[in-house]
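**Q** Here you go, my_file07.txt (compact mmCIF, C-alpha atoms and all ligand atoms):
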```
# COMPACT_ATOMS: atom_id res chain seq x y z
CA MET Q 1 -18.87 -6.00 22.71
CA THR Q 2 -15.21 -5.14 22.32
CA LYS Q 3 -14.53 -1.43 22.09
CA ARG Q 4 -12.70 -0.63 18.86
CA ALA Q 5 -10.69 2.59 18.45
CA TYR Q 6 -11.14 5.00 15.55
CA ASN Q 7 -7.94 3.67 14.02
CA PHE Q 8 -6.22 5.99 11.53
CA ASN Q 9 -2.77 4.45 11.90
CA ALA Q 10 -0.47 4.70 8.86
CA GLY Q 11 0.99 1.20 9.06
CA PRO Q 12 0.65 -1.35 10.43
CA ALA Q 13 -2.94 -0.27 10.23
CA ALA Q 14 -6.57 -1.22 10.72
CA LEU Q 15 -7.76 -4.67 9.68
CA PRO Q 16 -11.41 -5.53 9.02
CA LEU Q 17 -13.14 -6.55 12.26
CA GLU Q 18 -14.72 -9.53 10.50
CA VAL Q 19 -11.25 -10.78 9.55
CA LEU Q 20 -9.94 -10.47 13.09
CA GLN Q 21 -12.98 -12.30 14.41
CA GLN Q 22 -12.65 -15.16 11.93
CA ALA Q 23 -8.93 -15.45 12.72
CA GLN Q 24 -9.80 -15.53 16.41
CA GLU Q 25 -12.35 -18.27 15.86
CA GLU Q 26 -9.82 -20.39 13.93
CA PHE Q 27 -6.81 -19.49 16.03
CA VAL Q 28 -6.50 -22.61 18.19
CA ASP Q 29 -8.15 -25.11 15.89
CA TYR Q 30 -7.89 -24.33 12.20
CA ARG Q 31 -10.99 -25.80 10.56
CA GLY Q 32 -11.03 -28.96 12.62
CA ILE Q 33 -7.39 -30.07 12.35
CA GLY Q 34 -6.76 -29.57 16.08
CA MET Q 35 -3.83 -27.20 15.43
CA SER Q 36 -3.44 -23.61 14.33
CA ILE Q 37 -2.39 -22.78 10.79
CA MET Q 38 0.96 -21.68 12.30
CA GLU Q 39 1.67 -25.12 13.69
CA ILE Q 40 1.66 -27.11 10.47
CA SER Q 41 3.95 -27.49 7.51
CA HIS Q 42 3.91 -24.85 4.83
CA ARG Q 43 3.80 -27.83 2.45
CA SER Q 44 0.60 -29.21 4.01
CA LYS Q 45 -2.53 -29.26 1.88
CA GLU Q 46 -4.17 -26.80 4.29
CA TYR Q 47 -1.49 -24.17 3.87
CA GLU Q 48 -1.12 -24.80 0.17
CA GLN Q 49 -4.81 -23.98 -0.16
CA VAL Q 50 -4.36 -20.72 1.78
CA ASN Q 51 -1.44 -19.75 -0.47
CA ASP Q 52 -3.09 -20.73 -3.78
CA GLU Q 53 -6.38 -19.11 -2.87
CA ALA Q 54 -4.68 -15.84 -1.85
CA GLN Q 55 -2.74 -15.78 -5.12
CA SER Q 56 -5.83 -16.37 -7.21
CA LEU Q 57 -7.86 -13.80 -5.26
CA VAL Q 58 -5.22 -11.14 -5.97
CA LYS Q 59 -5.49 -12.06 -9.65
CA GLU Q 60 -9.26 -12.09 -9.63
CA LEU Q 61 -9.77 -8.83 -7.73
CA LEU Q 62 -7.23 -6.88 -9.78
CA GLY Q 63 -8.08 -8.58 -13.06
CA VAL Q 64 -4.44 -9.58 -13.52
CA PRO Q 65 -3.99 -10.68 -17.16
CA ASP Q 66 -2.35 -13.98 -18.19
CA GLY Q 67 1.42 -13.94 -18.19
CA TYR Q 68 1.81 -12.62 -14.65
CA GLN Q 69 2.58 -14.34 -11.36
CA VAL Q 70 1.61 -13.33 -7.85
CA LEU Q 71 4.41 -13.84 -5.31
CA PHE Q 72 4.43 -13.61 -1.52
CA LEU Q 73 7.88 -12.51 -0.39
CA GLN Q 74 9.52 -11.30 2.80
CA GLY Q 75 11.68 -8.33 3.72
CA GLY Q 76 9.00 -5.71 3.16
CA ALA Q 77 8.75 -3.20 0.36
CA SER Q 78 12.18 -1.98 1.46
CA THR Q 79 13.76 -5.22 0.21
CA GLN Q 80 12.06 -4.65 -3.14
CA PHE Q 81 13.84 -1.28 -3.32
CA ALA Q 82 17.05 -3.36 -3.67
CA MET Q 83 15.76 -6.52 -5.37
CA ILE Q 84 14.34 -4.59 -8.31
CA PRO Q 85 17.60 -2.88 -9.38
CA MET Q 86 19.61 -6.03 -8.59
CA ASN Q 87 17.42 -8.11 -10.88
CA PHE Q 88 16.62 -5.65 -13.65
CA LEU Q 89 19.44 -3.10 -14.00
CA LYS Q 90 21.94 -4.29 -16.60
CA PRO Q 91 25.21 -2.51 -17.40
CA GLY Q 92 24.57 0.38 -19.77
CA GLN Q 93 20.89 0.62 -18.87
CA ALA Q 94 19.48 3.06 -16.35
CA GLY Q 95 16.36 2.82 -14.21
CA GLY Q 96 14.21 5.95 -14.30
CA TYR Q 97 12.78 7.04 -10.95
CA VAL Q 98 9.73 9.25 -10.51
CA LEU Q 99 10.42 11.21 -7.33
CA THR Q 100 7.19 12.05 -5.55
CA GLY Q 101 8.14 12.02 -1.87
CA SER Q 102 9.87 10.06 0.88
CA TRP Q 103 9.16 6.54 -0.33
CA ALA Q 104 10.08 7.16 -3.96
CA ASP Q 105 13.25 8.81 -2.70
CA LYS Q 106 14.16 5.75 -0.62
CA ALA Q 107 13.66 3.48 -3.63
CA TYR Q 108 15.79 5.79 -5.77
CA LYS Q 109 18.64 6.04 -3.25
CA GLU Q 110 18.77 2.28 -2.88
CA ALA Q 111 18.92 1.78 -6.67
CA LYS Q 112 21.60 4.44 -7.06
CA GLY Q 113 23.93 2.33 -4.95
CA ILE Q 114 23.32 -0.73 -7.14
CA GLY Q 115 23.32 0.47 -10.75
CA GLU Q 116 22.64 3.33 -13.12
CA THR Q 117 19.62 5.53 -12.51
CA TYR Q 118 18.11 8.80 -13.68
CA VAL Q 119 15.37 11.06 -12.39
CA ALA Q 120 12.37 10.61 -14.69
CA ALA Q 121 10.37 13.33 -12.93
CA THR Q 122 10.50 15.12 -9.61
CA GLY Q 123 7.97 16.98 -7.54
CA GLU Q 124 10.62 18.59 -5.39
CA ALA Q 125 9.98 22.11 -6.72
CA SER Q 126 6.37 21.94 -5.54
CA GLY Q 127 7.41 20.55 -2.15
CA PHE Q 128 5.82 17.25 -3.26
CA ARG Q 129 2.38 18.86 -3.13
CA ARG Q 130 1.34 17.14 -6.34
CA MET Q 131 2.03 14.09 -8.48
CA PRO Q 132 3.68 14.80 -11.85
CA ALA Q 133 1.39 14.96 -14.88
CA LEU Q 134 1.87 11.84 -16.99
CA GLY Q 135 3.45 13.92 -19.79
CA GLU Q 136 6.11 15.18 -17.37
CA ILE Q 137 7.59 11.71 -16.93
CA ASP Q 138 10.73 11.27 -19.01
CA VAL Q 139 10.49 7.74 -20.41
CA GLN Q 140 13.85 7.18 -22.08
CA PRO Q 141 13.48 4.43 -24.70
CA GLU Q 142 16.66 2.68 -23.52
CA ALA Q 143 15.66 2.73 -19.83
CA ALA Q 144 15.73 -0.58 -17.94
CA TYR Q 145 12.44 0.42 -16.30
CA ILE Q 146 10.48 3.32 -14.89
CA HIS Q 147 9.75 3.16 -11.15
CA LEU Q 148 6.92 5.11 -9.55
CA THR Q 149 5.19 5.20 -6.18
CA SER Q 150 1.44 4.93 -6.65
CA ASN Q 151 0.62 6.51 -3.29
CA GLU Q 152 3.01 8.56 -1.16
CA THR Q 153 1.99 7.46 2.31
CA ILE Q 154 3.78 10.31 4.10
CA ALA Q 155 2.97 13.26 1.81
CA GLY Q 156 -0.61 12.08 1.22
CA SER Q 157 -0.51 12.18 -2.59
CA GLN Q 158 -1.66 9.56 -5.09
CA PHE Q 159 -1.49 9.11 -8.85
CA ALA Q 160 -4.96 9.42 -10.38
CA ASP Q 161 -3.79 7.51 -13.47
CA PHE Q 162 -0.62 5.81 -14.69
CA PRO Q 163 1.60 6.50 -17.68
CA ASP Q 164 1.86 4.36 -20.74
CA THR Q 165 5.55 3.53 -20.95
CA GLY Q 166 5.43 1.48 -24.16
CA ASN Q 167 8.23 -1.07 -24.29
CA VAL Q 168 9.88 0.24 -21.14
CA PRO Q 169 8.73 -1.84 -18.15
CA LEU Q 170 6.76 0.15 -15.59
CA ILE Q 171 7.29 -0.80 -11.94
CA GLY Q 172 5.01 0.45 -9.18
CA ASP Q 173 5.31 0.59 -5.41
CA PHE Q 174 1.69 0.09 -4.32
CA SER Q 175 2.47 -0.51 -0.64
CA SER Q 176 -0.12 1.92 0.66
CA ASP Q 177 -2.87 1.70 -1.93
CA ILE Q 178 -2.96 -1.77 -3.47
CA LEU Q 179 -6.59 -2.92 -3.91
CA CYS Q 180 -8.05 0.49 -3.01
CA ARG Q 181 -9.58 0.86 -6.51
CA PRO Q 182 -9.61 -0.91 -9.87
CA THR Q 183 -6.13 -0.76 -11.41
CA ASP Q 184 -4.99 -1.52 -14.95
CA VAL Q 185 -2.28 -4.04 -14.11
CA SER Q 186 -1.42 -4.46 -17.81
CA LYS Q 187 0.35 -1.07 -17.73
CA PHE Q 188 2.84 -2.51 -15.24
CA SER Q 189 5.52 -5.14 -15.52
CA LEU Q 190 5.85 -5.35 -11.76
CA ILE Q 191 3.75 -4.16 -8.83
CA TYR Q 192 4.86 -4.62 -5.24
CA ALA Q 193 3.33 -3.86 -1.89
CA GLY Q 194 4.22 -4.49 1.73
CA ALA Q 195 0.95 -5.88 3.12
CA GLN Q 196 0.72 -3.96 6.37
CA LYS Q 197 -1.16 -0.92 5.12
CA ASN Q 198 -3.97 -2.09 2.89
CA LEU Q 199 -3.76 -5.86 2.67
CA GLY Q 200 -2.98 -7.55 5.95
CA PRO Q 201 -0.39 -7.69 8.71
CA SER Q 202 3.30 -6.98 8.24
CA GLY Q 203 5.58 -9.84 7.23
CA VAL Q 204 4.49 -10.45 3.66
CA THR Q 205 5.13 -8.43 0.50
CA VAL Q 206 2.94 -9.05 -2.51
CA VAL Q 207 4.63 -8.92 -5.91
CA ILE Q 208 2.72 -9.13 -9.18
CA VAL Q 209 5.22 -9.65 -11.96
CA ARG Q 210 5.19 -10.33 -15.67
CA ASP Q 211 6.79 -13.71 -16.54
CA GLU Q 212 8.74 -12.06 -19.33
CA LEU Q 213 10.44 -9.70 -16.86
CA VAL Q 214 11.36 -12.60 -14.56
CA GLU Q 215 12.91 -14.44 -17.50
CA ARG Q 216 15.11 -11.44 -18.31
CA ALA Q 217 16.26 -10.94 -14.70
CA ASN Q 218 19.87 -11.14 -13.58
CA LYS Q 219 20.71 -14.75 -12.62
CA ASN Q 220 23.95 -13.90 -10.86
CA LEU Q 221 22.39 -13.16 -7.47
CA PRO Q 222 21.89 -14.89 -4.12
CA THR Q 223 19.07 -17.41 -4.42
CA MET Q 224 16.63 -15.62 -2.12
CA LEU Q 225 17.06 -12.31 -3.98
CA ARG Q 226 16.17 -13.74 -7.39
CA PHE Q 227 12.60 -13.30 -8.58
CA ASP Q 228 12.80 -16.54 -10.56
CA THR Q 229 13.50 -18.53 -7.37
CA HIS Q 230 10.13 -17.50 -5.99
CA ALA Q 231 8.28 -17.58 -9.32
CA GLN Q 232 9.36 -21.18 -9.94
CA SER Q 233 8.36 -22.40 -6.48
CA LYS Q 234 4.95 -20.71 -6.09
CA SER Q 235 6.52 -18.58 -3.30
CA LEU Q 236 7.29 -21.78 -1.35
CA TYR Q 237 11.04 -21.95 -1.93
CA ASN Q 238 11.62 -21.50 1.79
CA THR Q 239 9.25 -21.16 4.73
CA PRO Q 240 6.83 -18.36 3.93
CA PRO Q 241 5.28 -15.98 6.51
CA VAL Q 242 2.39 -18.39 7.00
CA TYR Q 243 0.26 -16.35 9.38
CA SER Q 244 0.60 -13.13 7.38
CA VAL Q 245 -0.45 -14.86 4.18
CA TYR Q 246 -3.36 -16.48 6.02
CA ILE Q 247 -4.64 -13.09 7.25
CA ALA Q 248 -4.09 -11.53 3.82
CA ASN Q 249 -6.19 -14.37 2.39
CA LEU Q 250 -9.03 -13.45 4.76
CA VAL Q 251 -8.71 -9.75 3.86
CA LEU Q 252 -8.89 -10.62 0.16
CA LYS Q 253 -12.06 -12.61 0.77
CA TRP Q 254 -13.47 -9.66 2.72
CA ILE Q 255 -12.77 -7.32 -0.21
CA LYS Q 256 -14.49 -9.76 -2.56
CA ALA Q 257 -17.51 -10.05 -0.25
CA THR Q 258 -17.68 -6.24 -0.03
CA GLY Q 259 -18.14 -6.13 -3.80
CA GLY Q 260 -14.60 -6.07 -5.16
CA LEU Q 261 -12.54 -3.07 -6.16
CA GLU Q 262 -15.35 -0.98 -7.70
CA ALA Q 263 -17.19 -1.11 -4.39
CA MET Q 264 -13.95 -0.51 -2.49
CA GLU Q 265 -13.26 2.63 -4.52
CA ARG Q 266 -16.80 3.94 -4.05
CA ILE Q 267 -16.60 3.43 -0.29
CA ASN Q 268 -13.11 4.96 -0.12
CA ARG Q 269 -14.29 8.01 -2.07
CA ASP Q 270 -17.29 8.45 0.23
CA LYS Q 271 -15.08 8.08 3.30
CA THR Q 272 -12.40 10.52 2.21
CA LYS Q 273 -14.94 13.06 0.91
CA LEU Q 274 -16.21 13.48 4.48
CA ILE Q 275 -12.74 14.48 5.65
CA TYR Q 276 -11.67 16.51 2.60
CA ASP Q 277 -14.99 18.40 2.85
CA ALA Q 278 -14.24 19.19 6.49
CA ILE Q 279 -10.89 20.63 5.33
CA ASP Q 280 -12.23 22.53 2.31
CA GLY Q 281 -15.27 23.86 4.15
CA SER Q 282 -13.26 25.16 7.10
CA GLY Q 283 -12.52 28.60 5.64
CA GLY Q 284 -8.78 27.99 6.00
CA PHE Q 285 -8.87 26.64 9.57
CA TYR Q 286 -7.62 23.34 8.13
CA ARG Q 287 -5.18 23.42 5.22
CA GLY Q 288 -4.70 20.40 2.93
CA LEU Q 289 -1.03 19.61 2.22
CA VAL Q 290 -1.62 18.27 -1.29
CA GLU Q 291 -3.15 19.81 -4.46
CA PRO Q 292 -6.74 18.58 -4.92
CA ASP Q 293 -6.03 16.58 -8.10
CA SER Q 294 -3.23 14.63 -6.36
CA ARG Q 295 -5.09 13.93 -3.12
CA SER Q 296 -4.87 10.41 -1.77
CA LEU Q 297 -7.75 8.08 -0.99
CA MET Q 298 -5.56 6.46 1.64
CA ASN Q 299 -3.61 9.13 3.54
CA ILE Q 300 -5.17 12.53 4.16
CA THR Q 301 -2.65 15.17 5.27
CA PHE Q 302 -3.59 18.57 6.66
CA ALA Q 303 -2.33 21.34 8.88
CA LEU Q 304 -3.86 23.70 11.43
CA GLY Q 305 -2.87 27.31 12.03
CA SER Q 306 -0.23 26.74 14.71
CA GLU Q 307 1.72 24.02 16.48
CA GLU Q 308 -0.22 24.71 19.68
CA LEU Q 309 -3.52 24.18 17.92
CA GLU Q 310 -2.22 20.97 16.33
CA ALA Q 311 -1.10 19.69 19.75
CA GLN Q 312 -4.54 20.54 21.13
CA PHE Q 313 -6.20 18.73 18.21
CA ILE Q 314 -4.14 15.59 18.84
CA LYS Q 315 -4.84 15.69 22.57
CA GLU Q 316 -8.59 16.19 22.29
CA SER Q 317 -9.00 13.70 19.47
CA ALA Q 318 -7.11 11.07 21.49
CA GLN Q 319 -9.47 11.65 24.41
CA GLN Q 320 -12.36 10.89 22.08
CA GLY Q 321 -10.89 7.60 20.86
CA PHE Q 322 -9.04 8.68 17.69
CA VAL Q 323 -5.69 7.01 17.10
CA GLY Q 324 -2.86 7.70 14.65
CA LEU Q 325 -3.65 11.26 13.57
CA LYS Q 326 -0.21 12.73 14.13
CA GLY Q 327 1.63 13.33 10.85
CA HIS Q 328 4.85 11.49 9.99
CA ARG Q 329 7.88 12.98 11.74
CA ASP Q 330 9.33 14.04 8.34
CA VAL Q 331 6.43 16.38 7.50
CA GLY Q 332 4.65 16.93 10.82
CA HIS Q 333 1.06 18.26 10.94
CA MET Q 334 -1.81 15.75 10.70
CA ARG Q 335 -2.40 12.58 8.76
CA ALA Q 336 -5.48 10.39 8.75
CA SER Q 337 -4.89 7.04 7.04
CA THR Q 338 -8.19 5.81 5.64
CA TYR Q 339 -7.23 2.40 4.27
CA ASN Q 340 -9.82 -0.08 3.00
CA ALA Q 341 -10.42 -1.55 6.46
CA VAL Q 342 -11.13 1.82 8.13
CA PRO Q 343 -14.92 1.93 8.44
CA TYR Q 344 -17.07 4.76 7.06
CA GLU Q 345 -18.26 5.39 10.63
CA SER Q 346 -14.70 6.20 11.77
CA CYS Q 347 -14.34 8.76 8.97
CA LYS Q 348 -17.74 10.25 9.78
CA ALA Q 349 -16.74 10.53 13.44
CA LEU Q 350 -13.47 12.22 12.47
CA ALA Q 351 -15.20 14.72 10.15
CA ASP Q 352 -17.69 15.52 12.93
CA PHE Q 353 -14.85 15.97 15.41
CA MET Q 354 -12.98 18.24 12.97
CA ASN Q 355 -16.05 20.42 12.42
CA ASP Q 356 -16.72 20.64 16.13
CA PHE Q 357 -13.08 21.43 16.95
CA ARG Q 358 -13.09 24.20 14.35
CA ARG Q 359 -16.27 25.73 15.80
CA ARG Q 360 -14.74 25.77 19.26
CA ASN Q 361 -11.31 27.06 18.18
CA GLY Q 362 -11.84 28.94 14.89
C1 LIG U 401 5.42 1.65 4.15
C2 LIG U 401 5.92 1.84 2.79
C3 LIG U 401 7.11 1.25 2.35
C4 LIG U 401 8.01 0.45 3.27
O1 LIG U 401 7.44 -0.76 3.55
P1 LIG U 401 8.19 -1.88 4.43
O2 LIG U 401 7.32 -3.07 4.20
O3 LIG U 401 8.18 -1.39 5.85
O4 LIG U 401 9.56 -2.04 3.92
C5 LIG U 401 7.50 1.44 1.04
N1 LIG U 401 6.75 2.16 0.19
C6 LIG U 401 5.60 2.74 0.57
C7 LIG U 401 4.81 3.54 -0.42
C8 LIG U 401 5.14 2.60 1.88
O5 LIG U 401 4.00 3.17 2.26
```
Could you render the structure from this file as structure tokens?
Ligand SMILES: *Cc1c(COP(=O)(O)O)cnc(C)c1O
**A**
Amino acid sequence: MTKRAYNFNAGPAALPLEVLQQAQEEFVDYRGIGMSIMEISHRSKEYEQVNDEAQSLVKELLGVPDGYQVLFLQGGASTQFAMIPMNFLKPGQAGGYVLTGSWADKAYKEAKGIGETYVAATGEASGFRRMPALGEIDVQPEAAYIHLTSNETIAGSQFADFPDTGNVPLIGDFSSDILCRPTDVSKFSLIYAGAQKNLGPSGVTVVIVRDELVERANKNLPTMLRFDTHAQSKSLYNTPPVYSVYIANLVLKWIKATGGLEAMERINRDKTKLIYDAIDGSGGFYRGLVEPDSRSLMNITFALGSEELEAQFIKESAQQGFVGLKGHRDVGHMRASTYNAVPYESCKALADFMNDFRRRNG
């Protein structure tokens, strides 16, 4: 038996063991072809099946309505920060940005350099301890779009629900929580997610986009930066990140076999409850960094009473096989990333460790 760490890394992050094992089995000889999936053309029937199947599984799992396409792009979510304003900001129209933390801020700053923008809501006054209430989002009727970040990976906050923006297209960065729970895709005109947190390895970015939005996009752009290039070629305009899409395909099948997104949400709630309970039941020994109604199912952030105690927590937890618990350098403290592939047992072990550490140091 291979020894697996209690992996709470923020990204790249844990993958399901079953997926890694299947990939290992097929690594040298992909389903009897005598070559790996990486060694054949992206236009072969084998790869085309991987690509088509992954696209239809995204649609099936999320219940994506007709009139949308699923794209597999490169350049990470960070390239989407630029591609979105380049394609959808027209002169005289501003993109509204919901500022909820570091990632929303990066998207906003990138767009500001490309076209007109406005701040549709900001959590700055609360130190990004909560997501804005839906009524606090300023949806200007003439806006090109509203951009929000579904889950702030660094702060540890997540929208519980999404606004209805009427005729104004809603765009969501779902990089750290895509497929963690059922999601009403019809509220969005575009959803994007770098795969390396909740969907697979790095190297592929999933985009779910309404055909109508693609049709309206700016055509005066470099070929690779146009959404219509990829929409018209089933994401096979140029060589795609074959291995990343292949692994994402296996992860999608694993989610389906686990029971789909309802099951995923139930498991994620059970997992995170263990850790949030350890925080809330600690009499102030652990302090959550986010208001309870904005807490994330994917990234749990908390602090201890002093830097020394936090250093001790990191050191002792590492000795017991826990990985990735140090908070992001921008906010410090602790962060446990509990993505879909992080097993319940890892979360149970962490909650037990937290309770034990508190008893010994409280
Ligand atoms: C990680 C992350 C990004 C950046 O993703 P890259 O693929 O590295 O560009 C953007 N947004 C969110 C919410 C993230 O968690």
**Q** List as JSON lines every residue of chain Q that is in contact with ligand LIG 401 (chain U), defined as an atom at most 9 Å from one of its atoms (using all atoms listed in the file), together with the nearest atom pair and the distance in Å rounded to one decimal, sorted by chain and then rising number.
**A**
```
{"residue": "Q:Ala10", "atom": "CA", "partner": "U:LIG401", "partner_atom": "O5", "distance": 8.1}
{"residue": "Q:Gly11", "atom": "CA", "partner": "U:LIG401", "partner_atom": "C1", "distance": 6.6}
{"residue": "Q:Pro12", "atom": "CA", "partner": "U:LIG401", "partner_atom": "C1", "distance": 8.4}
{"residue": "Q:Gln74", "atom": "CA", "partner": "U:LIG401", "partner_atom": "O2", "distance": 8.6}
{"residue": "Q:Gly75", "atom": "CA", "partner": "U:LIG401", "partner_atom": "O4", "distance": 6.6}
{"residue": "Q:Gly76", "atom": "CA", "partner": "U:LIG401", "partner_atom": "O2", "distance": 3.3}
{"residue": "Q:Ala77", "atom": "CA", "partner": "U:LIG401", "partner_atom": "O4", "distance": 3.8}
{"residue": "Q:Ser78", "atom": "CA", "partner": "U:LIG401", "partner_atom": "O4", "distance": 3.6}
{"residue": "Q:Thr79", "atom": "CA", "partner": "U:LIG401", "partner_atom": "O4", "distance": 6.4}
{"residue": "Q:Gln80", "atom": "CA", "partner": "U:LIG401", "partner_atom": "O4", "distance": 7.9}
{"residue": "Q:Phe81", "atom": "CA", "partner": "U:LIG401", "partner_atom": "C5", "distance": 8.2}
{"residue": "Q:Ser102", "atom": "CA", "partner": "U:LIG401", "partner_atom": "C7", "distance": 8.4}
{"residue": "Q:Trp103", "atom": "CA", "partner": "U:LIG401", "partner_atom": "N1", "distance": 5.0}
{"residue": "Q:Ala104", "atom": "CA", "partner": "U:LIG401", "partner_atom": "N1", "distance": 7.3}
{"residue": "Q:Lys106", "atom": "CA", "partner": "U:LIG401", "partner_atom": "C5", "distance": 8.1}
{"residue": "Q:Ala107", "atom": "CA", "partner": "U:LIG401", "partner_atom": "C5", "distance": 8.0}
{"residue": "Q:Thr149", "atom": "CA", "partner": "U:LIG401", "partner_atom": "C7", "distance": 6.0}
{"residue": "Q:Ser150", "atom": "CA", "partner": "U:LIG401", "partner_atom": "C7", "distance": 7.2}
{"residue": "Q:Asn151", "atom": "CA", "partner": "U:LIG401", "partner_atom": "C7", "distance": 5.9}
{"residue": "Q:Glu152", "atom": "CA", "partner": "U:LIG401", "partner_atom": "C7", "distance": 5.4}
{"residue": "Q:Thr153", "atom": "CA", "partner": "U:LIG401", "partner_atom": "O5", "distance": 4.7}
{"residue": "Q:Ile154", "atom": "CA", "partner": "U:LIG401", "partner_atom": "O5", "distance": 7.4}
{"residue": "Q:Asp173", "atom": "CA", "partner": "U:LIG401", "partner_atom": "C7", "distance": 5.8}
{"residue": "Q:Phe174", "atom": "CA", "partner": "U:LIG401", "partner_atom": "C7", "distance": 6.1}
{"residue": "Q:Ser175", "atom": "CA", "partner": "U:LIG401", "partner_atom": "C6", "distance": 4.7}
{"residue": "Q:Ser176", "atom": "CA", "partner": "U:LIG401", "partner_atom": "O5", "distance": 4.6}
{"residue": "Q:Asp177", "atom": "CA", "partner": "U:LIG401", "partner_atom": "C7", "distance": 8.0}
{"residue": "Q:Tyr192", "atom": "CA", "partner": "U:LIG401", "partner_atom": "N1", "distance": 8.9}
{"residue": "Q:Ala193", "atom": "CA", "partner": "U:LIG401", "partner_atom": "N1", "distance": 7.2}
{"residue": "Q:Gly194", "atom": "CA", "partner": "U:LIG401", "partner_atom": "O2", "distance": 4.2}
{"residue": "Q:Ala195", "atom": "CA", "partner": "U:LIG401", "partner_atom": "O2", "distance": 7.0}
{"residue": "Q:Gln196", "atom": "CA", "partner": "U:LIG401", "partner_atom": "O2", "distance": 7.0}
{"residue": "Q:Lys197", "atom": "CA", "partner": "U:LIG401", "partner_atom": "C1", "distance": 7.1}
{"residue": "Q:Ser202", "atom": "CA", "partner": "U:LIG401", "partner_atom": "O2", "distance": 6.9}
{"residue": "Q:Gly203", "atom": "CA", "partner": "U:LIG401", "partner_atom": "O2", "distance": 7.6}
{"residue": "Q:Val204", "atom": "CA", "partner": "U:LIG401", "partner_atom": "O2", "distance": 7.9}
{"residue": "Q:Thr205", "atom": "CA", "partner": "U:LIG401", "partner_atom": "O2", "distance": 6.9}
```
**Q** Can you pull out every residue within 8 Å of Val19 in chain Q, counting all atoms listed in the file, but drop anything in the same chain fewer than 3 positions away, and send it as JSON, numbers by chain?
**A** {"Q": [15, 16, 22, 23, 247, 250, 251, 254]}
**Q** Identify, on the basis of only C-alpha atoms, every residue whose closest approach to Pro292 in chain Q does not exceed 10 Å; exclude the query and any residue fewer than 6 positions from it along the same chain; express the result as a PyMOL selection string.
**A** chain Q and resi 129-130+157+276+280
**Q** Select from range 195-281 of chain Q every residue with an atom at most 10 Å from any atom of range 353-359 of chain Q, then for each give the shortest pair of atoms and their distance in Å to one decimal, using only C-alpha atoms, rows by chain and rising number, as CSV.
**A**
```
residue,atom,partner,partner_atom,distance
Q:Ile275,CA,Q:Met354,CA,8.2
Q:Asp277,CA,Q:Asn355,CA,9.8
Q:Ala278,CA,Q:Asn355,CA,6.3
Q:Ile279,CA,Q:Met354,CA,8.3
Q:Gly281,CA,Q:Asn355,CA,9.0
```
**Q** Please dump the current selection as a tab-separated table (two decimals), in the frame of the given file; keep C-alpha atoms.
**A**
```tsv
chain	number	residue	atom	x	y	z
Q	275	ILE	CA	-12.74	14.48	5.65
Q	277	ASP	CA	-14.99	18.40	2.85
Q	278	ALA	CA	-14.24	19.19	6.49
Q	279	ILE	CA	-10.89	20.63	5.33
Q	281	GLY	CA	-15.27	23.86	4.15
```
**Q** Using all atoms listed in the file, determine which residues lie at most 9 Å from Leu61 in chain Q, disregarding the query and same-chain residues fewer than 5 positions distant; provide the list as a CSV table (one decimal) with C-alpha atoms, keeping the file's coordinate frame.
**A**
```csv
chain,number,residue,atom,x,y,z
Q,56,SER,CA,-5.8,-16.4,-7.2
Q,179,LEU,CA,-6.6,-2.9,-3.9
Q,182,PRO,CA,-9.6,-0.9,-9.9
Q,252,LEU,CA,-8.9,-10.6,0.2
Q,255,ILE,CA,-12.8,-7.3,-0.2
Q,256,LYS,CA,-14.5,-9.8,-2.6
Q,260,GLY,CA,-14.6,-6.1,-5.2
Q,261,LEU,CA,-12.5,-3.1,-6.2
```
**Q** For range 321-338 of chain Q, find every residue with an atom within 7 Å (counting all atoms listed in the file), except residues of its own chain fewer than 6 positions away, and show them as a ChimeraX atom specification.
**A** /Q:5-10,154,298-303,310,314
**Q** Give me a file of those residues, with C-alpha atoms, as a PDB file, in the frame of the given file.
**A**
```pdb
ATOM      1  CA  ALA Q   5     -10.690   2.590  18.450  1.00  0.00           C
ATOM      2  CA  TYR Q   6     -11.140   5.000  15.550  1.00  0.00           C
ATOM      3  CA  ASN Q   7      -7.940   3.670  14.020  1.00  0.00           C
ATOM      4  CA  PHE Q   8      -6.220   5.990  11.530  1.00  0.00           C
ATOM      5  CA  ASN Q   9      -2.770   4.450  11.900  1.00  0.00           C
ATOM      6  CA  ALA Q  10      -0.470   4.700   8.860  1.00  0.00           C
ATOM      7  CA  ILE Q 154       3.780  10.310   4.100  1.00  0.00           C
ATOM      8  CA  MET Q 298      -5.560   6.460   1.640  1.00  0.00           C
ATOM      9  CA  ASN Q 299      -3.610   9.130   3.540  1.00  0.00           C
ATOM     10  CA  ILE Q 300      -5.170  12.530   4.160  1.00  0.00           C
ATOM     11  CA  THR Q 301      -2.650  15.170   5.270  1.00  0.00           C
ATOM     12  CA  PHE Q 302      -3.590  18.570   6.660  1.00  0.00           C
ATOM     13  CA  ALA Q 303      -2.330  21.340   8.880  1.00  0.00           C
ATOM     14  CA  GLU Q 310      -2.220  20.970  16.330  1.00  0.00           C
ATOM     15  CA  ILE Q 314      -4.140  15.590  18.840  1.00  0.00           C
TER      16      ILE Q 314
END
```
**Q** May I ask for the distance between CA of Gly156 in chain Q and CA of Val168 in chain Q, given in Å to one decimal place?
**A**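 Taking CA of Gly156 in chain Q as the start and CA of Val168 in chain Q as the end point, the length is 27.4 Å.
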**Q** Any idea what the distance is between CA of Phe72 in chain Q and CA of Gln93 in chain Q?
**A**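 Those two atoms sit 27.8 Å apart.
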**Q** From the list Q:Thr272, Q:Glu53, Q:Leu297, Q:Gly283, which residue is nearest Cys347 in chain Q when using only C-alpha atoms?
**A** Q:Thr272
